[in-house]
Structure formats: C-alpha cells, structure tokens
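Engineer: For reference, this is work36.tsv, and it has TSV, C-alpha atoms.
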chain	number	residue	atom	x	y	z
A	38	ILE	CA	-13.15	2.19	-9.78
A	39	ASP	CA	-14.63	2.45	-6.28
A	40	ASP	CA	-17.29	-0.13	-7.08
A	41	PHE	CA	-14.74	-2.34	-8.87
A	42	ALA	CA	-12.30	-2.26	-5.94
A	43	GLY	CA	-15.13	-2.89	-3.52
A	44	GLN	CA	-16.49	-5.86	-5.45
A	45	TYR	CA	-13.24	-7.50	-6.54
A	46	ILE	CA	-10.72	-6.58	-3.82
A	47	PHE	CA	-12.16	-5.07	-0.64
A	48	SER	CA	-15.15	-7.39	-0.25
A	49	PRO	CA	-13.43	-10.71	-1.11
A	50	LEU	CA	-10.54	-9.88	1.25
A	51	SER	CA	-12.88	-8.60	4.00
A	52	LEU	CA	-11.43	-5.08	3.84
A	53	GLY	CA	-14.65	-3.38	4.89
A	54	THR	CA	-12.92	-0.28	6.22
A	55	ALA	CA	-10.86	0.43	3.06
A	56	PHE	CA	-11.98	3.24	0.76
A	57	PHE	CA	-10.80	5.81	-1.78
A	58	TRP	CA	-11.25	9.32	-0.40
A	59	HIS	CA	-12.67	11.80	-2.91
A	60	ARG	CA	-12.49	15.55	-2.29
A	61	GLY	CA	-15.90	17.03	-1.64
A	62	GLN	CA	-17.35	13.72	-0.47
A	63	GLU	CA	-15.80	13.71	3.00
A	64	HIS	CA	-19.23	13.32	4.62
A	65	THR	CA	-19.63	9.85	3.05
A	66	TYR	CA	-16.40	8.39	4.47
A	67	PRO	CA	-15.44	7.38	8.00
A	68	VAL	CA	-12.71	10.04	8.16
A	69	ALA	CA	-13.35	10.59	11.85
A	70	ARG	CA	-11.79	7.15	12.38
A	71	CYS	CA	-8.77	8.00	10.18
A	72	ALA	CA	-5.46	9.08	11.64
A	73	THR	CA	-4.51	12.72	11.71
A	74	GLY	CA	-1.37	13.36	9.69
A	75	HIS	CA	1.61	15.22	11.13
A	76	ASP	CA	4.49	17.05	9.51
A	77	ALA	CA	8.18	16.54	10.28
A	78	THR	CA	7.95	18.93	13.23
A	79	GLY	CA	5.08	17.01	14.82
A	80	GLN	CA	2.39	19.57	13.93
A	81	ALA	CA	-0.99	18.26	12.81
A	82	VAL	CA	-1.74	18.68	9.11
A	83	PRO	CA	-4.34	21.40	8.44
A	84	GLY	CA	-7.69	19.63	8.11
A	85	HIS	CA	-6.18	16.54	9.82
A	86	ARG	CA	-5.23	14.81	6.56
A	87	ALA	CA	-4.61	15.53	2.90
A	88	CYS	CA	-7.15	14.73	0.21
A	89	TYR	CA	-5.61	14.43	-3.25
A	90	PRO	CA	-7.29	15.21	-6.59
A	91	ASN	CA	-6.52	11.69	-7.89
A	92	PRO	CA	-8.15	9.44	-5.29
A	93	HIS	CA	-7.37	6.21	-7.08
A	94	GLY	CA	-3.66	6.98	-7.29
A	95	ALA	CA	-3.25	8.65	-3.91
A	96	GLY	CA	-6.48	8.34	-1.96
A	97	LEU	CA	-6.58	4.76	-0.67
A	98	TRP	CA	-7.31	4.63	3.04
A	99	ILE	CA	-6.62	1.20	4.52
A	100	THR	CA	-5.19	-0.26	7.72
A	101	SER	CA	-1.76	-1.85	7.86
A	102	THR	CA	-3.52	-5.19	8.45
A	103	GLY	CA	-5.59	-4.64	5.30
A	104	LEU	CA	-2.52	-3.74	3.26
A	105	ALA	CA	-0.75	-6.87	4.55
A	106	ARG	CA	-3.82	-8.93	3.60
A	107	ILE	CA	-3.51	-7.68	0.00
A	108	GLY	CA	0.19	-8.65	-0.05
A	109	LYS	CA	-0.58	-12.09	1.38
A	110	ASP	CA	-3.30	-12.69	-1.19
A	111	LEU	CA	-0.94	-11.72	-4.01
A	112	ILE	CA	1.53	-14.36	-2.77
A	113	GLN	CA	-1.28	-16.91	-2.79
A	114	CYS	CA	-2.36	-15.80	-6.28
A	115	LEU	CA	1.15	-16.60	-7.55
A	116	SER	CA	0.51	-20.26	-6.77
A	117	GLY	CA	-3.08	-20.19	-8.04
A	118	ASN	CA	-4.62	-20.21	-4.56
A	119	GLY	CA	-5.41	-16.52	-4.11
A	120	THR	CA	-8.63	-14.59	-4.25
A	121	VAL	CA	-8.26	-11.47	-6.37
A	122	LEU	CA	-6.12	-12.48	-9.37
A	123	PRO	CA	-5.63	-15.54	-11.55
A	124	LYS	CA	-2.13	-17.01	-11.33
A	125	ALA	CA	-1.03	-15.71	-14.76
A	126	GLN	CA	-2.06	-12.14	-13.93
A	127	ALA	CA	-0.29	-12.25	-10.57
A	128	GLN	CA	2.87	-13.48	-12.29
A	129	ARG	CA	2.59	-10.70	-14.91
A	130	MET	CA	2.16	-8.15	-12.14
A	131	LEU	CA	5.52	-9.19	-10.69
A	132	THR	CA	7.34	-9.41	-14.02
A	133	PRO	CA	9.92	-6.64	-14.42
A	134	HIS	CA	9.24	-4.07	-17.13
A	135	PRO	CA	11.69	-4.50	-20.05
A	136	ILE	CA	13.12	-0.99	-19.62
A	137	PHE	CA	12.41	-0.28	-15.95
A	138	SER	CA	13.41	-3.54	-14.24
A	139	TYR	CA	12.56	-2.09	-10.81
A	140	ALA	CA	8.85	-1.88	-11.70
A	141	GLY	CA	6.10	-4.42	-12.19
A	142	LEU	CA	2.41	-3.66	-12.71
A	143	GLY	CA	1.52	-1.52	-9.71
A	144	VAL	CA	4.44	-2.55	-7.52
A	145	PHE	CA	8.15	-1.95	-7.26
A	146	LEU	CA	10.51	-4.93	-7.60
A	147	ASP	CA	13.86	-5.62	-6.00
A	148	GLY	CA	16.23	-8.53	-5.83
A	149	GLY	CA	15.60	-10.11	-9.22
A	150	GLY	CA	11.90	-10.63	-8.59
A	151	HIS	CA	12.38	-12.06	-5.11
A	152	VAL	CA	10.87	-9.01	-3.42
A	153	PHE	CA	7.99	-6.72	-4.26
A	154	PHE	CA	6.94	-3.60	-2.45
A	155	SER	CA	4.58	-0.70	-2.54
A	156	GLN	CA	5.12	2.65	-0.89
A	157	GLY	CA	2.83	5.45	0.07
A	158	TRP	CA	3.73	8.93	1.20
A	159	GLY	CA	2.22	12.33	1.22
A	160	VAL	CA	1.29	15.20	3.45
A	161	GLY	CA	1.43	13.83	7.00
A	162	MET	CA	1.68	10.13	6.15
A	163	GLN	CA	4.15	7.43	5.08
A	164	CYS	CA	3.89	3.66	4.59
A	165	LYS	CA	5.50	0.63	2.98
A	166	LEU	CA	4.45	-2.92	2.16
A	167	ILE	CA	7.31	-5.32	1.49
A	168	VAL	CA	6.73	-8.96	0.53
A	169	TYR	CA	9.00	-11.94	-0.15
A	170	PRO	CA	6.88	-14.27	-2.33
A	171	GLU	CA	9.28	-17.24	-2.11
A	172	THR	CA	9.19	-17.38	1.69
A	173	GLY	CA	5.68	-15.99	2.17
A	174	GLU	CA	6.97	-13.33	4.54
A	175	GLY	CA	6.21	-9.67	4.48
A	176	LEU	CA	5.38	-6.60	6.48
A	177	ALA	CA	3.14	-3.55	6.19
A	178	VAL	CA	4.19	-0.49	8.19
A	179	MET	CA	2.32	2.82	8.36
A	180	MET	CA	2.76	6.02	10.28
A	181	ASN	CA	0.84	9.26	10.46
A	182	CYS	CA	3.90	11.44	10.17
A	183	GLU	CA	5.78	12.86	7.24
A	184	PRO	CA	9.38	12.58	8.48
A	185	GLY	CA	10.95	14.44	5.55
A	186	VAL	CA	13.02	11.43	4.46
A	187	SER	CA	12.33	8.29	2.41
A	188	GLN	CA	10.83	5.15	3.91
A	189	GLU	CA	14.26	3.53	3.92
A	190	GLN	CA	15.65	6.39	6.03
A	191	SER	CA	12.65	6.81	8.35
A	192	ILE	CA	11.48	4.68	11.24
A	193	ILE	CA	9.61	2.57	8.69
A	194	GLY	CA	12.95	1.37	7.30
A	195	ASP	CA	14.20	0.74	10.84
A	196	ILE	CA	11.13	-1.37	11.66
A	197	ILE	CA	11.47	-3.39	8.46
A	198	ARG	CA	15.19	-4.03	9.06
A	199	ASP	CA	14.57	-4.98	12.70
A	200	THR	CA	11.69	-7.30	11.84
A	201	LEU	CA	13.08	-8.76	8.61
A	202	PRO	CA	16.86	-8.59	9.20
A	203	TRP	CA	17.69	-9.70	5.66
A	204	ALA	CA	15.63	-6.82	4.18
Transcribe the structure of this file into structure tokens.
Structural biologist:
Amino acid sequence: IDDFAGQYIFSPLSLGTAFFWHRGQEHTYPVARCATGHDATGQAVPGHRACYPNPHGAGLWITSTGLARIGKDLIQCLSGNGTVLPKAQAQRMLTPHPIFSYAGLGVFLDGGGHVFFSQGWGVGMQCKLIVYPETGEGLAVMMNCEPGVSQEQSIIGDIIRDTLPWA
C-alpha cells in the first residue's frame, strides 16, 4: 500500500513528506522531523512517538496542510474536478452505510451527508479533519498531545468551533 499511496495520492497531491511508519524501519523515515508526542501530563512519550503494528490503519504521518489538501481534493472529486478519485467513487465514499449512517468509506459522516470528517488519536497525538463539501470549507487540526478526552472536548474541538462557528 505504501507504493500505491505514494503513486496515487501522495505524489499527485504533492505530499512528499507523508509516509506510513512501519516498526523496525525507522531508519528509512524522516522521524527526526516528526513531532514528539506528549501524554496528558505533558511528559514526552517514550521513544518520542508511538509506532503501531498496523501502519496503514494507524501509521500515517502527514502535516495538517497535507491532510487539508486531501480533504480539499475530495471536495473537488465530488464535482469531477479532483485528482485522486473519479466523481462516482468520491460520491460513494461519502454515502452513508445502510446500517451505520454515521460512516462512509474511510470517513465519518454527520449532518445528513453535509459534513465529513476523519479523526486520528493515539499515544501522544490527536487530530481531526472536518470538511463541508457544499461550501468547500474545512479545517485540519493536529496536536502532539494526548489530552485524555475526545477531539470534541479537547482544544481541537475548541479550535474548530472558533474557526467554523457553525461546526
């Protein structure tokens, strides 16, 4: 999947610093440039950051600008003008699951399909991408701290509410 993501997502969107971190291959990644994670008490995470056994589900390292670029491209794909997905696939991605209406393909949905979001959290880190396809607005927020509460309850939720007051 690393080569696939590189060829079909990272390269076309100019996300040259994005990568999936695999345990045991730390020497091949620019981890020295990656943020050090911190726990809820402000202490640095042992080893600076967690490395999960499933890198494709929990090992994406990307900047907030890069994450926002993915969200922006998905909006453009919905109208047939994006880079990484054909229009029909983008629309399917944001179609609610018949049983779990809060989930699309790889994203969470809210507001009857008017909002999609993705969240990341783990040892020492937390983030959220929220996008409003109809207006073309969105926001990606990341922090290198594990506050011990959900994104909605952490400073990430505060930033989203302050920046997008209707969120």
Engineer: List every protein, DNA or RNA residue that has an atom no more than 10 Å from (-7.0, 12.0, -1.5) in the file's coordinate frame, counting all atoms listed in the file, and report them as a list in words.
Structural biologist: Phe57, Trp58, His59, Arg60, Arg86, Ala87, Cys88, Tyr89, Pro90, Asn91, Pro92, His93, Gly94, Ala95, Gly96, Leu97, Trp98 and Gly159 of chain A
Engineer: Could you check which of A:Leu111, A:Glu183, A:Leu176, A:Ala72 is closest to Asp199 in chain A, using only C-alpha atoms?
Structural biologist: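 Going through A:Leu111, A:Glu183, A:Leu176, A:Ala72 one by one, the smallest distance to Asp199 in chain A is for A:Leu176.
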Engineer: Compile the contact shell of Met179 in chain A as number ranges by chain: residues with an atom at most 10 Å away, counting all atoms listed in the file, same-chain residues fewer than 6 positions apart removed.
Structural biologist: A: 99-102, 104, 156-158, 162-166, 188, 192-193
Engineer: Rounded to one decimal in Å, what is the spacing between CA of Ile107 in chain A and CA of Asp39 in chain A?
Structural biologist: 16.3 Å
Engineer: Please list as an MDAnalysis selection string every residue within 8 Å of His151 in chain A, counting all atoms listed in the file and excluding residues in the same chain fewer than 3 positions away.
Structural biologist: chainID A and resid 146:148 169:171
Engineer: So, counting all atoms listed in the file, which residue among A:Lys109, A:Arg70, A:His64, A:His85 is closest to Ala177 in chain A?
Structural biologist: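 Smallest separation from Ala177 in chain A among the options: A:Lys109.
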Engineer: At a cut-off of 9 Å, using only C-alpha atoms, what residues contact Gly43 in chain A? Leave out same-chain residues fewer than 4 positions from it and give the result as a VMD selection string.
Structural biologist: chain A and resid 38 to 39 47 to 49 52 to 53 55 to 56
Engineer: Check the smallest atom-to-atom distance from each of A:Glu174, A:Leu201, A:Leu122, A:Pro133 to Tyr45 in chain A using all atoms listed in the file, then report the winner.
Structural biologist: A:Leu122
Engineer: Between CA of Val152 in chain A and CA of Ala42 in chain A, what is the distance in Å, rounded to a tenth?
Structural biologist: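 One can read the CA of Val152 in chain A to CA of Ala42 in chain A distance as 24.3 Å.
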Engineer: Any idea what the distance is between CA of Val160 in chain A and CA of Ala69 in chain A?
Structural biologist: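 Between these atoms lies a distance of 17.5 Å.
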Engineer: What residues have an atom no more than 12 Å from (-5.2, -17.0, -3.3) in the file's own frame, counting only C-alpha atoms, and can you write them as a list in words?
Structural biologist: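 Applying the cut-off with only C-alpha atoms, one gets Ile46, Pro49, Leu50, Arg106, Ile107, Gly108, Lys109, Asp110, Leu111, Ile112, Gln113, Cys114, Leu115, Ser116, Gly117, Asn118, Gly119, Thr120, Val121, Leu122, Pro123, Lys124 and Ala127 of chain A.
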Engineer: Please produce a file of the residues just selected, as a PDB file, in the coordinates of the input, where the atoms kept are C-alpha atoms.
Structural biologist:
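What ended up in selection16.pdb:
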ATOM      1  CA  ILE A  46     -10.720  -6.580  -3.820  1.00  0.00           C
ATOM      2  CA  PRO A  49     -13.430 -10.710  -1.110  1.00  0.00           C
ATOM      3  CA  LEU A  50     -10.540  -9.880   1.250  1.00  0.00           C
ATOM      4  CA  ARG A 106      -3.820  -8.930   3.600  1.00  0.00           C
ATOM      5  CA  ILE A 107      -3.510  -7.680   0.000  1.00  0.00           C
ATOM      6  CA  GLY A 108       0.190  -8.650  -0.050  1.00  0.00           C
ATOM      7  CA  LYS A 109      -0.580 -12.090   1.380  1.00  0.00           C
ATOM      8  CA  ASP A 110      -3.300 -12.690  -1.190  1.00  0.00           C
ATOM      9  CA  LEU A 111      -0.940 -11.720  -4.010  1.00  0.00           C
ATOM     10  CA  ILE A 112       1.530 -14.360  -2.770  1.00  0.00           C
ATOM     11  CA  GLN A 113      -1.280 -16.910  -2.790  1.00  0.00           C
ATOM     12  CA  CYS A 114      -2.360 -15.800  -6.280  1.00  0.00           C
ATOM     13  CA  LEU A 115       1.150 -16.600  -7.550  1.00  0.00           C
ATOM     14  CA  SER A 116       0.510 -20.260  -6.770  1.00  0.00           C
ATOM     15  CA  GLY A 117      -3.080 -20.190  -8.040  1.00  0.00           C
ATOM     16  CA  ASN A 118      -4.620 -20.210  -4.560  1.00  0.00           C
ATOM     17  CA  GLY A 119      -5.410 -16.520  -4.110  1.00  0.00           C
ATOM     18  CA  THR A 120      -8.630 -14.590  -4.250  1.00  0.00           C
ATOM     19  CA  VAL A 121      -8.260 -11.470  -6.370  1.00  0.00           C
ATOM     20  CA  LEU A 122      -6.120 -12.480  -9.370  1.00  0.00           C
ATOM     21  CA  PRO A 123      -5.630 -15.540 -11.550  1.00  0.00           C
ATOM     22  CA  LYS A 124      -2.130 -17.010 -11.330  1.00  0.00           C
ATOM     23  CA  ALA A 127      -0.290 -12.250 -10.570  1.00  0.00           C
TER      24      ALA A 127
END
Engineer: So, counting all atoms listed in the file, which residue among A:Cys182, A:Ser191, A:Phe137, A:Thr200 is closest to Thr73 in chain A?
Structural biologist: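 Looking at the shortest contact to Thr73 in chain A, the residue is A:Cys182.
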Engineer: I'd like the box whose edges run along x, y and z of the file and which contains every listed atom of range 116-123 of chain A, padded by 3 Å per side; could you state its centre and edge lengths in Å, one decimal, as AutoDock Vina command-line options?
Structural biologist:
--center_x -4.1 --center_y -15.9 --center_z -7.8 --size_x 15.1 --size_y 14.8 --size_z 13.4
